[in-house]
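Asker: My file is run-v6.txt. It has compact mmCIF, C-alpha atoms:
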# COMPACT_ATOMS: atom_id res chain seq x y z
CA MET A 1 -1.16 -93.26 257.05
CA GLY A 2 1.84 -95.53 256.63
CA ALA A 3 1.83 -99.00 255.08
CA SER A 4 2.29 -100.72 258.46
CA ALA A 5 -0.76 -98.90 259.87
CA ARG A 6 -2.83 -99.94 256.85
CA ASP A 7 -1.61 -103.55 257.20
CA ALA A 8 -2.55 -103.57 260.88
CA MET A 9 -6.04 -102.31 260.01
CA ASP A 10 -6.41 -105.07 257.42
CA ASP A 11 -5.84 -107.66 260.16
CA GLU A 12 -8.64 -106.28 262.35
CA PRO A 13 -11.99 -108.01 261.92
CA THR A 14 -14.55 -105.82 260.23
CA ASP A 15 -18.13 -105.45 261.41
CA ALA A 16 -19.14 -107.83 258.61
CA THR A 17 -16.85 -110.59 259.92
CA LYS A 18 -17.64 -109.90 263.58
CA GLU A 19 -21.40 -110.18 263.05
CA PRO A 20 -21.58 -113.91 262.10
CA ARG A 21 -19.32 -114.82 265.04
CA ALA A 22 -21.46 -112.78 267.43
CA GLU A 23 -24.63 -114.40 266.06
CA GLN A 24 -23.13 -117.87 266.47
CA ALA A 25 -22.02 -117.15 270.04
CA PHE A 26 -25.50 -115.83 270.76
CA LEU A 27 -27.14 -118.99 269.38
CA VAL A 28 -24.67 -121.40 270.99
CA ALA A 29 -25.40 -119.81 274.37
CA PHE A 30 -29.06 -120.81 273.95
CA LEU A 31 -28.10 -124.47 273.41
CA ALA A 32 -27.63 -124.64 277.18
CA ASP A 33 -31.09 -123.20 277.96
CA ALA A 34 -33.34 -125.22 280.27
CA ASN A 35 -36.22 -125.15 277.77
CA PRO A 36 -35.92 -127.79 274.98
CA GLN A 37 -37.92 -125.59 272.58
CA VAL A 38 -35.37 -122.79 272.98
CA ARG A 39 -32.52 -125.27 272.41
CA THR A 40 -34.24 -126.59 269.26
CA LEU A 41 -34.71 -123.07 267.89
CA ALA A 42 -31.05 -122.28 268.63
CA ALA A 43 -29.96 -125.40 266.74
CA TRP A 44 -32.15 -124.48 263.76
CA GLY A 45 -30.72 -120.96 263.89
CA LEU A 46 -27.20 -122.33 263.73
CA MET A 47 -28.05 -124.08 260.47
CA SER A 48 -28.47 -120.71 258.78
CA SER A 49 -25.24 -119.36 260.26
CA ASP A 50 -21.77 -119.84 258.87
CA LYS A 51 -20.42 -121.73 261.88
CA GLU A 52 -17.90 -124.15 260.45
CA GLY A 53 -14.54 -125.51 261.32
CA GLU A 54 -13.38 -128.11 263.77
CA GLU A 55 -13.67 -125.86 266.82
CA GLY A 56 -17.33 -125.07 266.12
CA GLN A 57 -18.11 -128.70 265.35
CA GLN A 58 -16.53 -129.91 268.58
CA GLU A 59 -18.64 -127.44 270.51
CA ILE A 60 -21.82 -128.67 268.80
CA LEU A 61 -20.78 -132.32 269.27
CA GLU A 62 -20.47 -131.70 273.01
CA PHE A 63 -24.02 -130.38 273.04
CA VAL A 64 -25.17 -133.44 271.05
CA ARG A 65 -23.55 -135.78 273.58
CA GLU A 66 -25.12 -133.99 276.55
CA GLU A 67 -28.55 -133.24 275.05
CA ARG A 68 -31.39 -135.49 276.18
CA ASP A 69 -34.30 -134.03 274.18
CA PRO A 70 -34.68 -135.97 270.89
CA GLU A 71 -35.96 -132.98 268.88
CA VAL A 72 -32.96 -130.88 269.88
CA ARG A 73 -30.60 -133.74 268.99
CA ILE A 74 -32.23 -134.10 265.58
CA ALA A 75 -31.81 -130.36 264.91
CA LEU A 76 -28.15 -130.55 265.94
CA TYR A 77 -27.60 -133.49 263.58
CA ARG A 78 -29.14 -131.45 260.77
CA PHE A 79 -26.71 -128.63 261.57
CA LEU A 80 -23.76 -131.05 261.35
CA GLN A 81 -24.90 -132.35 257.94
CA GLY A 82 -22.28 -131.47 255.34
CA GLN A 83 -19.56 -130.48 257.80
CA LYS A 84 -16.35 -131.71 256.20
CA THR A 85 -14.07 -132.23 259.20
CA LEU A 86 -16.21 -134.53 261.34
CA LYS A 87 -14.29 -137.62 262.39
CA CYS A 88 -15.82 -140.89 261.20
CA SER A 89 -15.20 -142.53 264.58
CA THR A 90 -17.23 -139.77 266.22
CA LEU A 91 -20.13 -140.35 263.82
CA VAL A 92 -20.09 -144.10 264.45
CA GLU A 93 -20.08 -143.45 268.21
CA LEU A 94 -23.08 -141.12 267.86
CA VAL A 95 -25.05 -143.68 265.81
CA ARG A 96 -24.41 -146.33 268.44
CA GLN A 97 -25.62 -143.98 271.20
CA GLU A 98 -28.88 -143.19 269.42
CA GLU A 99 -30.31 -146.69 269.23
CA LYS A 100 -32.94 -145.96 271.90
CA ASP A 101 -34.95 -143.36 269.94
CA GLU A 102 -35.92 -144.24 266.37
CA LYS A 103 -36.17 -140.72 264.93
CA THR A 104 -32.94 -139.54 266.52
CA TRP A 105 -31.19 -142.74 265.41
CA LEU A 106 -32.39 -142.12 261.86
CA ALA A 107 -31.03 -138.55 261.96
CA SER A 108 -27.65 -139.83 263.14
CA CYS A 109 -27.67 -142.50 260.40
CA ASP A 110 -28.43 -139.82 257.82
CA LEU A 111 -25.42 -137.85 259.05
CA LEU A 112 -23.26 -140.98 258.82
CA ALA A 113 -24.67 -141.75 255.35
CA GLY A 114 -23.57 -138.31 254.19
CA ALA A 115 -20.06 -139.00 255.44
CA VAL A 116 -20.01 -142.37 253.66
CA GLN A 117 -21.17 -140.71 250.45
CA SER A 118 -18.40 -138.11 250.82
CA GLY A 119 -15.70 -140.79 251.02
CA ALA A 120 -15.48 -142.01 254.61
CA ASN A 121 -12.71 -144.45 255.49
CA GLU A 122 -13.10 -148.17 254.75
CA GLU A 123 -13.85 -149.10 258.36
CA THR A 124 -16.72 -146.60 258.59
CA THR A 125 -18.13 -147.63 255.22
CA ALA A 126 -17.97 -151.30 256.23
CA PHE A 127 -19.75 -150.51 259.52
CA PHE A 128 -22.43 -148.62 257.59
CA ASN A 129 -22.93 -151.41 255.04
CA GLU A 130 -22.84 -154.29 257.52
CA SER A 131 -24.68 -152.80 260.49
CA ILE A 132 -26.65 -149.77 259.40
CA VAL A 133 -27.96 -150.76 255.95
CA PRO A 134 -29.82 -153.87 257.25
CA SER A 135 -31.31 -151.81 260.09
CA LEU A 136 -32.36 -149.02 257.73
CA LYS A 137 -33.95 -151.56 255.39
CA LYS A 138 -35.87 -153.03 258.32
CA ARG A 139 -37.02 -149.55 259.40
CA ALA A 140 -38.06 -148.68 255.83
CA LEU A 141 -40.24 -151.79 255.77
CA ASN A 142 -41.49 -151.81 259.38
CA GLY A 143 -40.79 -148.36 260.85
CA SER A 144 -43.13 -147.00 263.49
CA ASP A 145 -44.60 -144.41 261.12
CA LEU A 146 -44.31 -143.13 257.57
CA HIS A 147 -41.84 -140.42 258.63
CA CYS A 148 -39.42 -143.08 259.94
CA ARG A 149 -39.84 -145.31 256.90
CA ILE A 150 -39.12 -142.43 254.50
CA ALA A 151 -36.20 -141.17 256.65
CA ALA A 152 -34.64 -144.64 256.38
CA ILE A 153 -34.99 -144.54 252.58
CA ILE A 154 -33.40 -141.08 252.46
CA ALA A 155 -30.41 -142.26 254.52
CA LEU A 156 -29.96 -145.31 252.28
CA ARG A 157 -30.09 -143.13 249.17
CA ARG A 158 -27.74 -140.52 250.63
CA SER A 159 -24.99 -143.09 251.27
CA GLY A 160 -24.99 -144.30 247.68
CA THR A 161 -23.27 -147.58 248.52
CA GLU A 162 -23.99 -150.67 246.48
CA GLU A 163 -25.39 -152.41 249.58
CA ALA A 164 -27.74 -149.47 250.25
CA LEU A 165 -28.94 -149.43 246.64
CA ASN A 166 -29.56 -153.19 246.78
CA ALA A 167 -31.59 -152.63 249.97
CA LEU A 168 -33.63 -149.94 248.20
CA GLN A 169 -34.37 -152.31 245.33
CA GLU A 170 -35.49 -154.98 247.78
CA ILE A 171 -37.73 -152.45 249.54
CA THR A 172 -39.44 -151.64 246.23
CA ARG A 173 -40.13 -155.36 245.73
CA THR A 174 -41.26 -156.27 249.24
CA SER A 175 -42.94 -153.26 250.85
CA GLU A 176 -46.71 -153.30 251.09
CA ASP A 177 -46.89 -149.51 251.63
CA PRO A 178 -47.36 -147.72 248.29
CA GLN A 179 -45.72 -144.51 249.59
CA VAL A 180 -42.65 -146.45 250.69
CA VAL A 181 -42.49 -148.24 247.34
CA GLN A 182 -42.75 -144.91 245.52
CA ALA A 183 -40.03 -143.30 247.68
CA ALA A 184 -37.67 -146.27 247.30
CA SER A 185 -38.33 -146.46 243.54
CA SER A 186 -37.54 -142.76 243.19
CA ALA A 187 -34.34 -143.20 245.18
CA VAL A 188 -33.27 -146.08 242.93
CA ARG A 189 -34.07 -144.05 239.79
CA LEU A 190 -32.11 -141.05 241.10
CA ALA A 191 -29.14 -143.34 241.62
CA GLY A 192 -29.35 -144.38 237.97
CA VAL A 193 -29.98 -148.03 238.82
CA GLU A 194 -32.55 -150.04 236.88
Taking this structure as input, can you express it in the form of structure tokens?
Answerer:
Amino acid sequence: MGASARDAMDDEPTDATKEPRAEQAFLVAFLADANPQVRTLAAWGLMSSDKEGEEGQQEILEFVREERDPEVRIALYRFLQGQKTLKCSTLVELVRQEEKDEKTWLASCDLLAGAVQSGANEETTAFFNESIVPSLKKRALNGSDLHCRIAAIIALRRSGTEEALNALQEITRTSEDPQVVQAASSAVRLAGVE
């Protein structure tokens, strides 16, 4: 076999590289299923796949924009967590869209907090500090249930901004819920703030 034939074979995807793409296509197809439980499971399945890159993210973002079931949206936000090429303006738009459902809004804020922590642009960080931090603090103190109060604390901690850490300190001083105080205190300690 000549060198050019070997080079051509090297360019062909192997079964090992075809398999993750096939799995992702299989799972993405289920994001359009009529059953919200199937869509949620597909989103959770994507989290364990290697689907990355701008093309894959845009496809998932389209599903997020069209999805109406809150649990599916939350799972899709979890999938997007840690994706490096998400545009900050897209994240801000998603947070603004989610204001109707508390748990979904908190998941979108957590995604935005991760972007802020990773070095989002000044405009996005300012939006987070000025608009989101006060709302997260309010939810941590008065959220509809413990899950929402703790989710707000996690998002504040994830962002790592000075404003978020100040909010966490205030939560430890003013909350009447011992579990919230403990969670906020732990978040402050993890940040190395006394």
Asker: Env of Ser175 in chain A: 12 Å cut, atoms = only C-alpha atoms, seq-sep filter 2 positions within chain, self excluded. Answer as a list of chain:residue names.
Answerer: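 After dropping sequence-adjacent residues, the list is A:Lys137, A:Lys138, A:Arg139, A:Ala140, A:Leu141, A:Asn142, A:Gly143, A:Arg149, A:Ile153, A:Ala167, A:Leu168, A:Gln169, A:Glu170, A:Ile171, A:Thr172, A:Arg173, A:Asp177, A:Pro178, A:Gln179, A:Val180, A:Val181, A:Gln182, A:Ala183, A:Ala184, A:Ser185.
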Asker: Nearest residue to Leu111 in chain A out of A:Ser159, A:Pro70, A:Phe127, A:Thr85, using all atoms listed in the file?
Answerer: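 Closest residue, counting all atoms listed in the file: A:Ser159.
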Asker: Have a look at CA of Lys84 in chain A and CA of Leu31 in chain A and let me know their distance in Å, one decimal.
Answerer: 22.1 Å
Asker: Report, in Å to a single decimal, how far apart CA of Gly114 in chain A and CA of Ile60 in chain A are.
Answerer: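 About the pair CA of Ile60 in chain A and CA of Gly114 in chain A: they are 17.6 Å apart.
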Asker: When you draw a straight line from CA of Ala75 in chain A to CA of Pro36 in chain A, how long is it in Å?
Answerer: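 It comes out at 11.2 Å.
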